[in-house]
>>> print(open('final.tsv').read())   # TSV, C-alpha atoms
chain	number	residue	atom	x	y	z
A	222	MET	CA	0.00	0.00	0.00
A	223	LYS	CA	2.86	2.36	0.72
A	224	LEU	CA	4.10	2.18	-2.87
A	225	TRP	CA	1.23	1.48	-5.24
A	226	THR	CA	-1.59	3.52	-3.73
A	227	PRO	CA	0.23	6.89	-3.87
A	228	THR	CA	1.73	5.98	-7.24
A	229	GLY	CA	-1.77	5.20	-8.54
A	230	ALA	CA	-3.07	8.46	-7.09
A	231	ALA	CA	-0.28	10.37	-8.87
A	232	LEU	CA	-1.12	8.52	-12.07
A	233	GLY	CA	-4.77	9.51	-11.59
A	234	LEU	CA	-3.79	13.14	-11.08
A	235	SER	CA	-1.75	13.09	-14.27
A	236	ALA	CA	-4.67	11.46	-16.14
A	237	VAL	CA	-7.01	14.28	-15.11
A	238	ALA	CA	-4.42	16.93	-16.01
A	239	LEU	CA	-3.70	15.40	-19.42
A	240	GLY	CA	-7.41	14.95	-20.06
A	241	ALA	CA	-7.91	18.66	-19.46
A	242	VAL	CA	-5.02	19.51	-21.78
A	243	GLY	CA	-6.44	17.28	-24.50
A	244	ALA	CA	-9.92	18.70	-24.11
A	245	HIS	CA	-9.08	22.39	-23.85
A	246	ALA	CA	-5.50	23.35	-24.66
A	247	VAL	CA	-4.46	21.41	-27.75
A	248	PRO	CA	-6.19	21.52	-31.13
A	249	LEU	CA	-6.54	17.95	-32.39
A	250	ASP	CA	-8.12	16.53	-35.52
A	251	ASP	CA	-10.69	13.73	-35.12
A	252	HIS	CA	-8.17	10.89	-35.41
A	253	ALA	CA	-5.71	12.48	-32.97
A	254	ARG	CA	-8.55	13.26	-30.55
A	255	ALA	CA	-9.67	9.61	-30.63
A	256	LEU	CA	-6.10	8.45	-29.92
A	257	PHE	CA	-5.74	10.97	-27.11
A	258	GLU	CA	-9.06	9.92	-25.55
A	259	THR	CA	-8.10	6.24	-25.73
A	260	ALA	CA	-4.76	7.00	-24.09
A	261	ASN	CA	-6.48	9.01	-21.38
A	262	ARG	CA	-9.17	6.40	-20.73
A	263	TYR	CA	-6.63	3.58	-20.27
A	264	HIS	CA	-4.41	5.91	-18.23
A	265	PHE	CA	-7.28	6.58	-15.86
A	266	TYR	CA	-8.50	2.97	-15.65
A	267	HIS	CA	-5.05	1.76	-14.72
A	268	ALA	CA	-4.49	4.55	-12.20
A	269	ILE	CA	-7.53	3.16	-10.40
A	270	ALA	CA	-6.22	-0.40	-10.84
A	271	LEU	CA	-2.92	0.66	-9.29
A	272	VAL	CA	-4.66	2.22	-6.28
A	273	LEU	CA	-6.71	-0.96	-5.81
A	274	THR	CA	-3.57	-3.06	-6.13
A	275	GLY	CA	-2.00	-1.08	-3.30
A	276	VAL	CA	-5.10	-1.38	-1.13
A	277	SER	CA	-5.31	-5.15	-1.72
A	278	LEU	CA	-1.68	-5.97	-0.90
A	279	GLY	CA	-2.51	-7.03	2.64
A	280	HIS	CA	-4.89	-9.65	1.27
A	281	VAL	CA	-3.10	-11.08	-1.75
A	282	HIS	CA	0.20	-12.78	-2.55
A	283	ALA	CA	2.78	-10.01	-2.09
A	284	TRP	CA	5.18	-10.77	-4.95
A	285	LEU	CA	2.38	-11.29	-7.45
A	286	GLY	CA	0.66	-8.14	-6.22
A	287	HIS	CA	3.82	-6.09	-6.63
A	288	GLY	CA	4.31	-7.62	-10.07
A	289	ALA	CA	0.79	-6.53	-10.99
A	290	GLY	CA	1.55	-3.01	-9.78
A	291	MET	CA	4.74	-2.82	-11.81
A	292	ALA	CA	2.98	-4.17	-14.91
A	293	PHE	CA	0.15	-1.64	-14.52
A	294	LEU	CA	2.59	1.24	-14.12
A	295	MET	CA	4.93	0.31	-16.95
A	296	GLY	CA	2.05	-0.70	-19.21
A	297	THR	CA	0.32	2.63	-18.67
A	298	VAL	CA	3.47	4.61	-19.36
A	299	LEU	CA	4.20	2.67	-22.55
A	300	PHE	CA	0.65	2.26	-23.88
A	301	SER	CA	-0.86	5.62	-22.99
A	302	GLY	CA	2.42	7.46	-23.41
A	303	SER	CA	2.93	6.24	-26.97
A	304	LEU	CA	-0.68	7.09	-27.87
A	305	TYR	CA	-0.39	10.57	-26.34
A	306	LEU	CA	2.79	11.17	-28.36
A	307	THR	CA	1.19	9.91	-31.56
A	308	ALA	CA	-1.89	12.07	-31.01
A	309	LEU	CA	0.18	15.19	-30.36
A	310	HIS	CA	3.03	14.71	-32.84
A	311	GLY	CA	1.80	12.22	-35.44
A	312	PRO	CA	3.16	8.75	-36.14
A	313	ASN	CA	6.65	8.27	-34.75
A	314	ALA	CA	9.27	5.65	-34.02
A	315	LEU	CA	7.81	4.98	-30.57
A	316	GLY	CA	4.51	3.69	-31.94
A	317	PHE	CA	5.67	0.11	-31.43
A	318	LEU	CA	5.49	0.68	-27.66
A	319	ALA	CA	1.67	0.66	-27.58
A	320	PRO	CA	1.36	-3.13	-28.07
A	321	VAL	CA	4.15	-3.73	-25.54
A	322	GLY	CA	2.31	-1.52	-23.06
A	323	GLY	CA	-1.00	-3.22	-23.80
A	324	THR	CA	0.58	-6.61	-23.17
A	325	LEU	CA	1.91	-5.35	-19.84
A	326	LEU	CA	-1.55	-4.08	-18.89
A	327	MET	CA	-3.02	-7.51	-19.60
A	328	ALA	CA	-0.19	-9.11	-17.62
A	329	GLY	CA	-1.02	-6.79	-14.70
A	330	TRP	CA	-4.62	-8.02	-14.63
A	331	LEU	CA	-3.46	-11.65	-14.84
A	332	LEU	CA	-0.95	-11.15	-12.03
A	333	LEU	CA	-3.55	-9.42	-9.87
A	334	ALA	CA	-5.98	-12.30	-10.43
A	335	LEU	CA	-3.29	-14.84	-9.55
A	336	ALA	CA	-2.31	-12.81	-6.49
A	337	ALA	CA	-5.90	-12.93	-5.27
A	338	LEU	CA	-6.24	-16.64	-5.99
A	339	VAL	CA	-2.99	-17.60	-4.25
A	340	GLY	CA	-3.77	-15.44	-1.24
A	341	ARG	CA	-1.39	-14.09	1.36
A	342	LYS	CA	1.52	-16.47	0.77
A	343	GLY	CA	4.81	-14.74	0.19
A	344	ARG	CA	3.97	-11.87	2.50
>>> encode(input="final.tsv", output="structure tokens")
Amino acid sequence: MKLWTPTGAALGLSAVALGAVGAHAVPLDDHARALFETANRYHFYHAIALVLTGVSLGHVHAWLGHGAGMAFLMGTVLFSGSLYLTALHGPNALGFLAPVGGTLLMAGWLLLALAALVGRKGR
């Protein structure tokens, strides 16, 4: 809880801030706006997932829970980050990071499920 909950809260804060920038401060065409909104939606969902991961750590397998937290954080940075960059600057060399980030997000959910199934072992 001491690591993932505040990290998730900071990620949530940045999701709100970037959502405001995308909605009000940056002119985007329809395609770029759709990319930006997708990035922001996944950013926000996984900020909440990270907070919940931190809150659940006392009830789940610790190593798997921490693995889920790391996967959520890195997946959000890579997936949402690459989509934000593409929306703001057009296609770029970092576009290949979105599928890597998406895979990490899926891994985070799998690890969190396993952490809950295994229980408190490894604490």
>>> atom_distance(input="final.tsv", atom1="atom CA of A:Ala236", atom2="atom CA of A:Tyr266")
9.3 Å
>>> residues_around(input="final.tsv", residues="stretch 296-303 of chain A", least_positions_apart="6", cutoff="10 Å", atoms="only C-alpha atoms", output="PyMOL selection string")
chain A and resi 232+236+256-268+290+309+312-329
>>> residues_around(input="final.tsv", residues="A:Lys223", least_positions_apart="2", cutoff="10 Å", atoms="all atoms listed in the file", output="short mmCIF file (atom, residue, chain, number, x, y, z; two decimals) with C-alpha atoms, keeping the file's coordinate frame")
data_model
loop_
_atom_site.label_atom_id
_atom_site.label_comp_id
_atom_site.auth_asym_id
_atom_site.auth_seq_id
_atom_site.Cartn_x
_atom_site.Cartn_y
_atom_site.Cartn_z
CA TRP A 225 1.23 1.48 -5.24
CA THR A 226 -1.59 3.52 -3.73
CA PRO A 227 0.23 6.89 -3.87
CA THR A 228 1.73 5.98 -7.24
CA GLY A 275 -2.00 -1.08 -3.30
CA VAL A 276 -5.10 -1.38 -1.13
CA LEU A 278 -1.68 -5.97 -0.90
#
>>> closest_residue(input="final.tsv", among="A:Leu333, A:Leu294, A:Ala283, A:Val242", to="A:Arg254", atoms="only C-alpha atoms")
A:Val242
>>> atom_distance(input="final.tsv", atom1="atom CA of A:Ile269", atom2="atom CA of A:Met295")
14.4 Å
>>> residues_around(input="final.tsv", residues="A:Val281", least_positions_apart="6", cutoff="6 Å", atoms="only C-alpha atoms", output="JSON, numbers by chain")
{"A": [336, 337, 340, 341]}
>>> atom_distance(input="final.tsv", atom1="atom CA of A:Ala230", atom2="atom CA of A:Val272")
6.5 Å
>>> decode(input="final.tsv", residues="stretch 224-270 of chain A", atoms="N, CA and C atoms", output="short mmCIF file (atom, residue, chain, number, x, y, z; two decimals), in the first residue's frame")
data_model
loop_
_atom_site.label_atom_id
_atom_site.label_comp_id
_atom_site.auth_asym_id
_atom_site.auth_seq_id
_atom_site.Cartn_x
_atom_site.Cartn_y
_atom_site.Cartn_z
N LEU A 224 3.53 1.86 -1.57
CA LEU A 224 4.10 2.18 -2.87
C LEU A 224 3.02 2.41 -3.94
N TRP A 225 2.13 1.45 -4.09
CA TRP A 225 1.23 1.48 -5.24
C TRP A 225 0.05 2.43 -5.09
N THR A 226 -0.46 2.61 -3.89
CA THR A 226 -1.59 3.52 -3.73
C THR A 226 -1.21 4.97 -4.05
N PRO A 227 -0.13 5.51 -3.49
CA PRO A 227 0.23 6.89 -3.87
C PRO A 227 0.69 7.00 -5.32
N THR A 228 1.33 5.96 -5.84
CA THR A 228 1.73 5.98 -7.24
C THR A 228 0.50 6.00 -8.13
N GLY A 229 -0.51 5.20 -7.79
CA GLY A 229 -1.77 5.20 -8.54
C GLY A 229 -2.48 6.53 -8.44
N ALA A 230 -2.44 7.14 -7.25
CA ALA A 230 -3.07 8.46 -7.09
C ALA A 230 -2.36 9.50 -7.96
N ALA A 231 -1.03 9.45 -8.01
CA ALA A 231 -0.28 10.37 -8.87
C ALA A 231 -0.60 10.12 -10.34
N LEU A 232 -0.74 8.86 -10.70
CA LEU A 232 -1.12 8.52 -12.07
C LEU A 232 -2.52 9.05 -12.38
N GLY A 233 -3.43 8.97 -11.41
CA GLY A 233 -4.77 9.51 -11.59
C GLY A 233 -4.75 11.02 -11.76
N LEU A 234 -3.95 11.69 -10.96
CA LEU A 234 -3.79 13.14 -11.08
C LEU A 234 -3.29 13.51 -12.47
N SER A 235 -2.28 12.78 -12.94
CA SER A 235 -1.75 13.09 -14.27
C SER A 235 -2.77 12.77 -15.36
N ALA A 236 -3.62 11.77 -15.17
CA ALA A 236 -4.67 11.46 -16.14
C ALA A 236 -5.68 12.60 -16.24
N VAL A 237 -6.07 13.14 -15.10
CA VAL A 237 -7.01 14.28 -15.11
C VAL A 237 -6.37 15.49 -15.78
N ALA A 238 -5.11 15.77 -15.43
CA ALA A 238 -4.42 16.93 -16.01
C ALA A 238 -4.28 16.78 -17.52
N LEU A 239 -3.85 15.60 -17.98
CA LEU A 239 -3.70 15.40 -19.42
C LEU A 239 -5.04 15.41 -20.14
N GLY A 240 -6.07 14.89 -19.47
CA GLY A 240 -7.41 14.95 -20.06
C GLY A 240 -7.86 16.38 -20.28
N ALA A 241 -7.56 17.24 -19.32
CA ALA A 241 -7.91 18.66 -19.46
C ALA A 241 -7.12 19.31 -20.59
N VAL A 242 -5.84 18.97 -20.69
CA VAL A 242 -5.02 19.51 -21.78
C VAL A 242 -5.58 19.08 -23.12
N GLY A 243 -5.90 17.80 -23.25
CA GLY A 243 -6.44 17.28 -24.50
C GLY A 243 -7.79 17.87 -24.85
N ALA A 244 -8.58 18.17 -23.86
CA ALA A 244 -9.92 18.70 -24.11
C ALA A 244 -9.94 20.20 -24.38
N HIS A 245 -8.98 20.94 -23.80
CA HIS A 245 -9.08 22.39 -23.85
C HIS A 245 -7.87 23.12 -24.43
N ALA A 246 -6.70 22.56 -24.35
CA ALA A 246 -5.50 23.35 -24.66
C ALA A 246 -4.85 23.01 -25.99
N VAL A 247 -5.16 21.85 -26.56
CA VAL A 247 -4.46 21.41 -27.75
C VAL A 247 -5.46 21.16 -28.87
N PRO A 248 -5.30 21.82 -30.00
CA PRO A 248 -6.19 21.52 -31.13
C PRO A 248 -5.81 20.18 -31.75
N LEU A 249 -6.78 19.28 -31.84
CA LEU A 249 -6.54 17.95 -32.39
C LEU A 249 -7.57 17.64 -33.46
N ASP A 250 -7.14 16.98 -34.53
CA ASP A 250 -8.12 16.53 -35.52
C ASP A 250 -8.86 15.32 -34.95
N ASP A 251 -9.85 14.81 -35.66
CA ASP A 251 -10.69 13.73 -35.12
C ASP A 251 -9.90 12.48 -34.79
N HIS A 252 -8.97 12.10 -35.67
CA HIS A 252 -8.17 10.89 -35.41
C HIS A 252 -7.27 11.08 -34.19
N ALA A 253 -6.60 12.21 -34.12
CA ALA A 253 -5.71 12.48 -32.97
C ALA A 253 -6.51 12.56 -31.68
N ARG A 254 -7.70 13.16 -31.74
CA ARG A 254 -8.55 13.26 -30.55
C ARG A 254 -8.95 11.86 -30.07
N ALA A 255 -9.30 10.97 -31.01
CA ALA A 255 -9.67 9.61 -30.63
C ALA A 255 -8.49 8.88 -29.98
N LEU A 256 -7.29 9.06 -30.52
CA LEU A 256 -6.10 8.45 -29.92
C LEU A 256 -5.86 9.00 -28.52
N PHE A 257 -5.96 10.32 -28.39
CA PHE A 257 -5.74 10.97 -27.11
C PHE A 257 -6.75 10.48 -26.07
N GLU A 258 -8.01 10.38 -26.48
CA GLU A 258 -9.06 9.92 -25.55
C GLU A 258 -8.85 8.47 -25.15
N THR A 259 -8.40 7.63 -26.07
CA THR A 259 -8.10 6.24 -25.73
C THR A 259 -6.95 6.18 -24.73
N ALA A 260 -5.90 6.95 -25.01
CA ALA A 260 -4.76 7.00 -24.09
C ALA A 260 -5.21 7.44 -22.70
N ASN A 261 -6.05 8.46 -22.66
CA ASN A 261 -6.48 9.01 -21.38
C ASN A 261 -7.39 8.03 -20.63
N ARG A 262 -8.26 7.37 -21.36
CA ARG A 262 -9.17 6.40 -20.73
C ARG A 262 -8.38 5.26 -20.09
N TYR A 263 -7.44 4.67 -20.83
CA TYR A 263 -6.63 3.58 -20.27
C TYR A 263 -5.72 4.08 -19.16
N HIS A 264 -5.21 5.29 -19.28
CA HIS A 264 -4.41 5.91 -18.23
C HIS A 264 -5.21 5.97 -16.93
N PHE A 265 -6.44 6.44 -17.05
CA PHE A 265 -7.28 6.58 -15.86
C PHE A 265 -7.68 5.22 -15.28
N TYR A 266 -8.11 4.29 -16.14
CA TYR A 266 -8.50 2.97 -15.65
C TYR A 266 -7.37 2.32 -14.86
N HIS A 267 -6.15 2.46 -15.37
CA HIS A 267 -5.05 1.76 -14.72
C HIS A 267 -4.48 2.54 -13.54
N ALA A 268 -4.77 3.82 -13.44
CA ALA A 268 -4.49 4.55 -12.20
C ALA A 268 -5.36 3.97 -11.09
N ILE A 269 -6.62 3.75 -11.39
CA ILE A 269 -7.53 3.16 -10.40
C ILE A 269 -7.09 1.73 -10.07
N ALA A 270 -6.70 0.97 -11.08
CA ALA A 270 -6.22 -0.40 -10.84
C ALA A 270 -5.00 -0.39 -9.93
#
